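The structure under discussion appears below in the form of structure tokens.
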Amino acid sequence: MYLILAVAIAAACLSFGLSLQHKHLEGIVRQGETLQFEVPGQAGQTVVSLRRPDQAQGLVLLPSDLTLQIDGIGKYEAYDAHLARQDRIVAIMDSPVVMAGVRQASGQVSEVAVKVRKIDLSTLGEGFWSPLVVGLAAFLIGGWVWCLKPDESVTQVLALNGLGMLIAATAATVGYSQPIAASSQLVAGVLDANHLGTTIFGMSLISLFLVFPKPLVSTRVLWTVMAISLVVSALDYLRLLGGTDAIFVFCFAVMGLVTVLIAVQCFKARRDPNAQASLLWLGLAVFVGTGLWCLVMGAYIVQGQIQTMPGSYVFISFLVMYAGIAIGVARFRLFEVRDWAFRIFFYAVAAALFIALDAGLIYLLGMTQGVALPLALVAIGLGYLPLRDLLWRRFLRHKALSDSEMLRIVMDMAFAPQAALRQTKWQALLQTLFAPQVMTPAPVQVSTAFIEADGLHLHVPGLMDVPALKLSFPQDGRGLFSPRHLDLLNQIMRLSREAMQGLTAYERGAAEQRHRLAQNLHDDVGAKLVSGLSVADDVSRPFFYEALNEIRDIASAMITESAPLDRMVAEMRHEAVRRLEVANIALDWPLWPQDAPLFQINALDKKAVSSAMREAITNGIKHSGAGQVSVRLVLTGNLLQCRIADDGKGFPADVLDGSAGGQGLRSIADRVSQSGGGVRFSNAEPGSHGAVVAFDIPLSSSPPVSESLSR
């Protein structure tokens, strides 16, 4: 970076040094291709000749003596004649006093003596400062990007592009500082330097699109293309290109080739949204910057006034181009490129149409400027602006949900009964809004949403019991995430959190009400059953126990009390032993393994398992005629597999084919299916007899309840 700054400072010093060695005539100013002698209180008088006091014959000034675009002179013979006349004017101004021939308003020419002064900073106008600022800015921007990524070919080419602009601009400051004349050696040297910088700029611009955003050629070919700039400069220096205006042909050829390369890069980057964003910036910057230059130059060429073109102002268009190129190459905030690029494009088109329409009304229809200007404004306002809005909606307004649809989907997601269903609905909503190609769990938990990798990825924080996600490659890989997407996501998450918090508050109130009902059921009905149990006989006592167990299960489910799985199995086994003992049926039910992993089962699953088990035992007691019941429970992961078999008469055929079945069997099937499980009714294998009820229930693990809740 120190080298970049040193070169920039040296170029600025050179510009000041060359420009400040010029001289000007006191009281005489340049106006286009004429010199005007200004007298206070009077209209300016045109200077038609200059001579030294010791000369008898002065030099009659020609418009070409004061041309700003030496490139537009054309043939080398005319260029040499121009240099010779420059030397004659410089020789005249070597005298401290110059006799200037001034044409009066009457047409008569008289001579006045004017003093020769050195140019100082106060006399350097915008013609000097404009190219100097643009050249320095372009070089510093290119050098800054190169310092960020010094090993990449594209940044190296961009740095050379900035160097070419600096060389061309430094040379231009000497001519655009508007001296009355400069020595032939200085003019020729400045012109050669300007053409060298222009060729470096042009060939590096071509090279830039040969390697960015997608490489089209090898590194060797790239630098071979860059070397062409030196060849073109050498041919220009040796006067083998036909004239000084050959540089204009070179510039238009560069623009044509750059346009072709942009089209090729668009095809190559069609599946890379990041490359598309960079290319959009670069293409827009080049077309706005160089397009303005070509438009202005073309207008002057058509009018045959190329030598009067104020090139200093055209340099500003290159600064616009350079800012866009630097942003694209540095990939700075490219996720915002789509909206901004189209805004700039639409405004540029509006400006171009306005200028073209205004010029057409004046030159083609002969209108005055006062009439043409408002007509052009009205035409742009009534014709182009509605079309711009249509194009904006067509290209930038993606398929979006209405507010009512958004609210309905968010509420549906927030009120989903299960976390898995909420997660599915949340992912479906994100897919609808952003259409990412990839949606994966976030590698780390995040508290706020943010964009990563220049808009390729969007991190979505967790939402209540829905885990955090990482979205990649939006719009099916054709776009980038932007701040607009981030604002939309934050708005949806705020709405979802409010909905979930409302649901949580509702469920908390409902849980408190269920807790009171369960407490009343346990205290009142349970107490009466315990009182009845004390006076019950042996026949009715099992029914009292069954009723108490049922009340206990209902109360536990109402207060959503979870319990260890091994304790639940022990309670079910104890109940089955009592009931089967009264019915004189033996029970084969091994104890739950002591080394089995601890598992906390929630109240809903506990109710489903215990009720299904109770119905299966009841069915065996009432209908099987069995002498023994065998029960096996196996926990695999979170899947509880239950098998209840007896040695009775088995199920009838209409139960096995599903055409019939009692209320108890339907109750088992309903409870198991409500918990997401499956049930099978079958008979024992051939050679044995009896019925088999087997069901599987996926359990949802719950944390242990607190001591106060257990009570």
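To be explicit about the labels: the chains of the structure tokens are called A, B, and onward in the order shown, and within each one the residues are counted from 1, while ligands get numbers from 1 in the order they are shown.
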Pick out the residues sitting within 10 Å of segment 38-45 of chain A, and hand them over as a ChimeraX atom specification; count only C-alpha atoms, and ignore anything fewer than 3 positions along from it in its own chain.
/A:26-29,35,48,101-105,109
Just the selected residues (C-alpha atoms), exported as a CSV table (one decimal), in the first residue's frame, please.
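For reference, selection-v7.csv as written:
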```csv
chain,number,residue,atom,x,y,z
A,26,GLU,CA,-3.2,38.9,-17.9
A,27,GLY,CA,-6.8,39.9,-18.7
A,28,ILE,CA,-7.2,37.3,-21.4
A,29,VAL,CA,-9.2,34.1,-20.8
A,35,LEU,CA,-9.2,34.0,-26.5
A,48,VAL,CA,-7.2,37.5,-33.2
A,101,GLY,CA,-4.7,42.1,-31.6
A,102,VAL,CA,-8.2,42.6,-30.4
A,103,ARG,CA,-11.3,42.8,-32.6
A,104,GLN,CA,-13.6,45.6,-31.5
A,105,ALA,CA,-17.4,45.4,-31.6
A,109,VAL,CA,-8.7,45.4,-34.9
```
Please return as a ChimeraX atom specification: the residues of segment 407-624 of chain A that backbone DSSP assigns to strand (DSSP E).
/A:438-441,450-452,457-460,469-472,563-564,586-588,600-601
Which residues are close to Gln427 of chain A, i.e. within 9 Å by only C-alpha atoms, leaving aside same-chain residues fewer than 4 positions away? Reply as a PyMOL selection string.
chain A and resi 422-423+431-432+439+469
Emit the selected residues as a PDB file, in the first residue's frame, including C-alpha atoms.
```pdb
ATOM      1  CA  ARG A 422     -44.067 -27.319  14.063  1.00  0.00           C
ATOM      2  CA  GLN A 423     -40.592 -27.901  12.641  1.00  0.00           C
ATOM      3  CA  GLN A 431     -39.036 -22.842   1.642  1.00  0.00           C
ATOM      4  CA  THR A 432     -42.007 -20.893   0.315  1.00  0.00           C
ATOM      5  CA  MET A 439     -31.748 -26.273   4.249  1.00  0.00           C
ATOM      6  CA  LEU A 469     -31.383 -23.685  10.551  1.00  0.00           C
TER       7      LEU A 469
END
```
Could you pull out all residues of segment 108-254 of chain A with a DSSP call of alpha helix (DSSP H) and give them as a ChimeraX atom specification?
/A:126-148,153-176,184-211,219-237,246-254
Mind writing the picked residues with C-alpha atoms as a compact mmCIF listing (two decimals), in the first residue's frame?
```
# COMPACT_ATOMS: atom_id res chain seq x y z
CA GLU A 126 -12.06 22.18 -13.18
CA GLY A 127 -10.34 21.01 -16.36
CA PHE A 128 -7.26 20.26 -14.27
CA TRP A 129 -8.86 18.98 -11.07
CA SER A 130 -11.43 16.66 -12.62
CA PRO A 131 -9.04 14.24 -14.40
CA LEU A 132 -6.53 14.45 -11.55
CA VAL A 133 -9.09 13.45 -8.90
CA VAL A 134 -10.52 10.68 -11.10
CA GLY A 135 -7.10 9.30 -11.97
CA LEU A 136 -5.93 9.26 -8.36
CA ALA A 137 -9.21 7.74 -7.15
CA ALA A 138 -9.12 5.02 -9.81
CA PHE A 139 -5.52 4.13 -9.04
CA LEU A 140 -6.06 4.11 -5.28
CA ILE A 141 -9.21 1.98 -5.59
CA GLY A 142 -7.45 -0.50 -7.85
CA GLY A 143 -4.42 -0.58 -5.58
CA TRP A 144 -6.59 -1.04 -2.48
CA VAL A 145 -8.39 -4.03 -3.96
CA TRP A 146 -5.05 -5.48 -5.06
CA CYS A 147 -3.69 -5.13 -1.52
CA LEU A 148 -6.74 -7.00 -0.21
CA SER A 153 -5.04 -12.37 -11.24
CA VAL A 154 -8.17 -10.25 -11.31
CA THR A 155 -6.90 -7.82 -8.66
CA GLN A 156 -3.55 -7.58 -10.40
CA VAL A 157 -5.31 -6.69 -13.64
CA LEU A 158 -7.48 -4.18 -11.78
CA ALA A 159 -4.38 -2.52 -10.33
CA LEU A 160 -2.91 -2.21 -13.84
CA ASN A 161 -6.23 -0.81 -15.02
CA GLY A 162 -5.99 1.87 -12.34
CA LEU A 163 -2.40 2.57 -13.33
CA GLY A 164 -3.49 3.07 -16.94
CA MET A 165 -6.19 5.48 -15.83
CA LEU A 166 -3.68 7.38 -13.68
CA ILE A 167 -1.22 7.72 -16.58
CA ALA A 168 -3.94 8.91 -18.96
CA ALA A 169 -5.41 11.32 -16.40
CA THR A 170 -2.03 12.76 -15.39
CA ALA A 171 -1.26 13.48 -19.02
CA ALA A 172 -4.72 14.96 -19.57
CA THR A 173 -4.33 17.45 -16.72
CA VAL A 174 -1.60 19.23 -18.66
CA GLY A 175 -3.87 19.92 -21.62
CA TYR A 176 -7.10 20.40 -19.70
CA SER A 184 5.76 20.80 -29.04
CA GLN A 185 7.89 18.45 -26.96
CA LEU A 186 5.53 18.71 -24.00
CA VAL A 187 2.42 18.31 -26.18
CA ALA A 188 3.86 15.27 -27.97
CA GLY A 189 5.03 13.69 -24.72
CA VAL A 190 1.70 14.27 -23.03
CA LEU A 191 -0.19 12.82 -26.01
CA ASP A 192 2.01 9.70 -26.11
CA ALA A 193 1.57 9.22 -22.36
CA ASN A 194 -2.17 9.67 -22.64
CA HIS A 195 -2.36 7.08 -25.42
CA LEU A 196 -0.18 4.67 -23.41
CA GLY A 197 -2.45 4.99 -20.40
CA THR A 198 -5.54 4.59 -22.59
CA THR A 199 -4.25 1.38 -24.20
CA ILE A 200 -3.27 -0.06 -20.81
CA PHE A 201 -6.70 0.84 -19.48
CA GLY A 202 -8.48 -0.68 -22.48
CA MET A 203 -6.54 -3.95 -22.63
CA SER A 204 -6.74 -4.41 -18.86
CA LEU A 205 -10.51 -3.88 -19.07
CA ILE A 206 -10.67 -6.69 -21.63
CA SER A 207 -8.39 -8.83 -19.46
CA LEU A 208 -10.61 -8.18 -16.45
CA PHE A 209 -13.57 -9.85 -18.13
CA LEU A 210 -11.35 -12.66 -19.37
CA VAL A 211 -10.76 -13.81 -15.79
CA THR A 219 -2.72 -16.88 -17.04
CA ARG A 220 -0.28 -16.94 -19.95
CA VAL A 221 -2.94 -15.84 -22.41
CA LEU A 222 -4.09 -13.17 -19.96
CA TRP A 223 -0.72 -11.49 -19.76
CA THR A 224 -0.26 -11.87 -23.52
CA VAL A 225 -3.43 -9.84 -23.97
CA MET A 226 -2.07 -7.25 -21.55
CA ALA A 227 1.15 -7.03 -23.58
CA ILE A 228 -0.90 -5.97 -26.62
CA SER A 229 -1.28 -2.57 -24.98
CA LEU A 230 2.46 -2.03 -25.30
CA VAL A 231 2.36 -3.12 -28.94
CA VAL A 232 -0.47 -0.69 -29.72
CA SER A 233 1.36 2.12 -27.92
CA ALA A 234 4.54 1.38 -29.85
CA LEU A 235 2.67 1.46 -33.17
CA ASP A 236 1.05 4.74 -32.15
CA TYR A 237 4.40 6.21 -31.13
CA ALA A 246 -6.86 6.08 -34.15
CA ILE A 247 -7.12 5.97 -30.36
CA PHE A 248 -10.88 6.59 -30.69
CA VAL A 249 -11.23 3.52 -32.91
CA PHE A 250 -9.29 1.55 -30.30
CA CYS A 251 -11.66 2.71 -27.53
CA PHE A 252 -14.80 1.74 -29.45
CA ALA A 253 -13.26 -1.64 -30.33
CA VAL A 254 -12.51 -2.24 -26.65
```
Can you pull out every residue within 12 Å of Gln418 of chain A, counting only C-alpha atoms, but drop anything in the same chain fewer than 6 positions away, and send it as an NGL selection string?
:A and (412 or 424-425 or 465-466 or 675-676 or 700)
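Excluding Trp589 of chain A itself and same-chain residues fewer than 4 positions from it, the residues having an atom within 7 Å of it are Ser630, Val631 and Arg632 of chain A, counting only C-alpha atoms.
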Hey, what's within 8 Å of Leu633 of chain A if we count only C-alpha atoms and toss same-chain stuff fewer than 6 positions away? As a compact mmCIF listing (two decimals) with N, CA and C atoms, in the first residue's frame, please?
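Resulting contents of selection_31.txt:
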```txt
# COMPACT_ATOMS: atom_id res chain seq x y z
N LEU A 640 -41.29 -48.64 22.28
CA LEU A 640 -41.70 -49.65 23.26
C LEU A 640 -42.56 -50.70 22.55
N GLN A 641 -42.07 -51.96 22.56
CA GLN A 641 -42.77 -53.07 21.92
C GLN A 641 -43.42 -53.93 23.00
N CYS A 642 -44.74 -54.11 22.92
CA CYS A 642 -45.52 -54.86 23.91
C CYS A 642 -46.19 -56.05 23.23
N ARG A 643 -46.13 -57.20 23.90
CA ARG A 643 -46.76 -58.42 23.36
C ARG A 643 -47.48 -59.14 24.50
```
Excluding same-chain residues fewer than 4 positions from Ile70 of chain A, what lies within 9 Å of it counting only C-alpha atoms, as a ChimeraX atom specification?
/A:64,74,79,82,175,187,191,244-245,307
Let me see the file: selected residues, N, CA and C atoms, as a short mmCIF file (atom, residue, chain, number, x, y, z; two decimals), in the first residue's frame.
```
data_model
loop_
_atom_site.label_atom_id
_atom_site.label_comp_id
_atom_site.auth_asym_id
_atom_site.auth_seq_id
_atom_site.Cartn_x
_atom_site.Cartn_y
_atom_site.Cartn_z
N SER A 64 -7.90 25.95 -34.26
CA SER A 64 -7.17 24.71 -33.95
C SER A 64 -6.02 24.94 -32.98
N GLY A 74 -6.40 14.31 -36.16
CA GLY A 74 -6.46 13.35 -37.26
C GLY A 74 -5.10 13.07 -37.87
N TYR A 79 -1.21 17.32 -37.43
CA TYR A 79 -0.69 17.28 -36.05
C TYR A 79 0.66 17.97 -35.97
N HIS A 82 0.22 21.64 -36.17
CA HIS A 82 -0.27 22.15 -34.88
C HIS A 82 0.88 22.30 -33.89
N GLY A 175 -3.12 19.25 -20.57
CA GLY A 175 -3.87 19.92 -21.62
C GLY A 175 -5.14 20.56 -21.12
N VAL A 187 3.68 18.77 -25.60
CA VAL A 187 2.42 18.31 -26.18
C VAL A 187 2.56 16.88 -26.70
N LEU A 191 0.70 13.62 -25.17
CA LEU A 191 -0.19 12.82 -26.01
C LEU A 191 0.23 11.35 -26.01
N THR A 244 -3.73 10.60 -35.27
CA THR A 244 -3.90 10.70 -33.82
C THR A 244 -5.28 10.23 -33.36
N ASP A 245 -6.26 10.23 -34.29
CA ASP A 245 -7.61 9.82 -33.90
C ASP A 245 -7.79 8.30 -33.91
N GLN A 307 -12.97 18.19 -31.65
CA GLN A 307 -11.85 18.91 -31.05
C GLN A 307 -12.29 19.84 -29.91
#
```
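Atom CA of Glu575 of chain A sits 11.1 Å away from atom CA of Ala547 of chain A.
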Point out the residue among A:Val582, A:Met413, A:Leu480, A:Leu121 with the least atom-to-atom distance to Leu495 of chain A, counting only C-alpha atoms.
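The shortest atom-to-atom distance to Leu495 of chain A comes from A:Met413.
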One decimal, in Å: what's the spacing between atom CA of Gly455 of chain A and atom CA of Ser472 of chain A?
8.7 Å
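Going from atom CA of Pro483 of chain A to atom CA of Ile451 of chain A covers 8.2 Å.
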